[in-house]
Every structure is written in structure tokens, then in C-alpha cells.
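Inspection log for the structure reproduced underneath, given as C-alpha cells.
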Amino acid sequence: MTATRTQAYRTTCVPGSLFEIPREYVGKRVEIVIKPTLENVPPRETLDIESQLNSIAKLKEGWFDGKGSAFNHDELKRLSDKFEQNFSSDIDLPYLYPTPDDSIRAEWTFKKYEVSLEIEIPSLNAYYHQLNIDTNEDVDAELELDKIDGWNELNGKLRKIHC
């Protein structure tokens with residue numbers, strides 16, 4: 001069963017990053033449709049990895065309904081540096097969101113693809129998921145972003161679908 005929400009969500013921690021899902025949908029597949037507003041979606045041209053991670057670094061212990069650890073500033077700086085050194089400049093930067101399980105979620109939207117990347121902190125092991133929204137075909141991969149091969153694979157996958 002899929003539930004669709006059309007209400008825009010905001011948070012004072014990191015704009016657009018946290019969603020409240022009604023209890024009856026917990027543990028079920030839920031589709032959340034966000035209607036962007038000027039106040040909850042930063043313009044694409046203002047995205048920069050360092051700024052997004054600096055915002056996430058400001059989160060305090062318990063930032064997600066009493067759960068969610070504060071992120072280690074050095075580990076976020078390491079991730080920022082890895083993006084700067086290894087992410088291809090010809091691909092749009094992602095939106096970054098914290099997760100309550102101490103990961104960073106990167107998201108991209110291309111013409112017919114939704115892509116997410118769950119990055120574990122501090123290991124930089126990542127889970128890549130790509131969905132073709134026209135065909136529902138998906139691609140999954142595990143990437144090691146502490147190694148150049150992981151970044152090369154990420155860049156290659158994104159470059160194939162970048163429009």
C-alpha cells in the first residue's frame with residue numbers, strides 16, 4: 001500500500017530533511033510527495049557540499065525526536081574533502097540530509113531518475129540506489145567512498161543518467 005502526502009514539510013534543523021510519517025504507515029512502503037516552496041528548498045545554484053555538511057554539523061544530540069547522534073565535525077569534514085577531491089564537476093551536486101542512524105543521505109533528481117546514496121559515517125561505505133521513474137527499473141550498488149574506485153563508480157553511474 002502506498003500513501004501519498006502532498007503537504008510540504010519543514011524543519012528548523014536542516015530544511016527539507018525530516019519527515020513525520022503517521023504511525024499507521026510505519027514499516028510500510030510510503031511515498032512522500034513534497035511540493036517545494038521557496039522556504040524549504042534551496043536553489044540548485046546555492047548547493048555546496050561544505051555548506052550543507054556544516055549545517056548538519058550543527059545538529060545536537062537527540063535532534064530527531066530525542067534520537068539521532070550529533071555528527072563528528074572531523075568526519076563530516078573528511079566527507080566534504082572527499083566530495084571536493086573526487087566528485088565530478090560535470091554532474092549536479094546532491095541535496096544532503098542527515099539520518100538518525102548516523103548516515104548522510106545524498107539525493108539527486110534527473111529527468112526520469114531518482115537517485116539516493118546512503119553514506120555511513122565514519123567508514124564512508126555507501127549504498128547507491130537508482131530508480132527509473134518511468135519503468136520502475138532500479139539499480140543498487142555498494143560503494144566504498146574512502147577509495148577512488150568508489151568515487152569513479154559513483155561518477156560513472158551518475159554520468160550515464162545525467163541529463
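Ligands are numbered from 1 in the order shown, chains are lettered A, B, ... in the order of the C-alpha cells, and residues start at 1 in each chain.
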
Write out, as CSV, each residue of segment 80-114 of chain A that has an atom at most 12 Å from segment 136-145 of chain A, together with the closest pair of atoms and their distance in Å to one decimal, counting only C-alpha atoms, rows going by chain and rising number.
residue,atom,partner,partner_atom,distance
A:Ser80,CA,A:Leu145,CA,11.4
A:Asp81,CA,A:Leu145,CA,11.3
A:Lys82,CA,A:Leu145,CA,7.8
A:Phe83,CA,A:Leu145,CA,9.1
A:Gln85,CA,A:Leu145,CA,11.4
A:Asn86,CA,A:Leu145,CA,9.2
A:Phe87,CA,A:Leu145,CA,10.2
A:Lys112,CA,A:Asn136,CA,10.0
A:Tyr113,CA,A:Asp138,CA,9.3
A:Glu114,CA,A:Asp138,CA,9.5

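Counting only C-alpha atoms, Glu118 of chain A has the following residues at most 6 Å away, ignoring those fewer than 6 positions along the same chain: Ile104, Arg105, Ala126 and Tyr127 of chain A.
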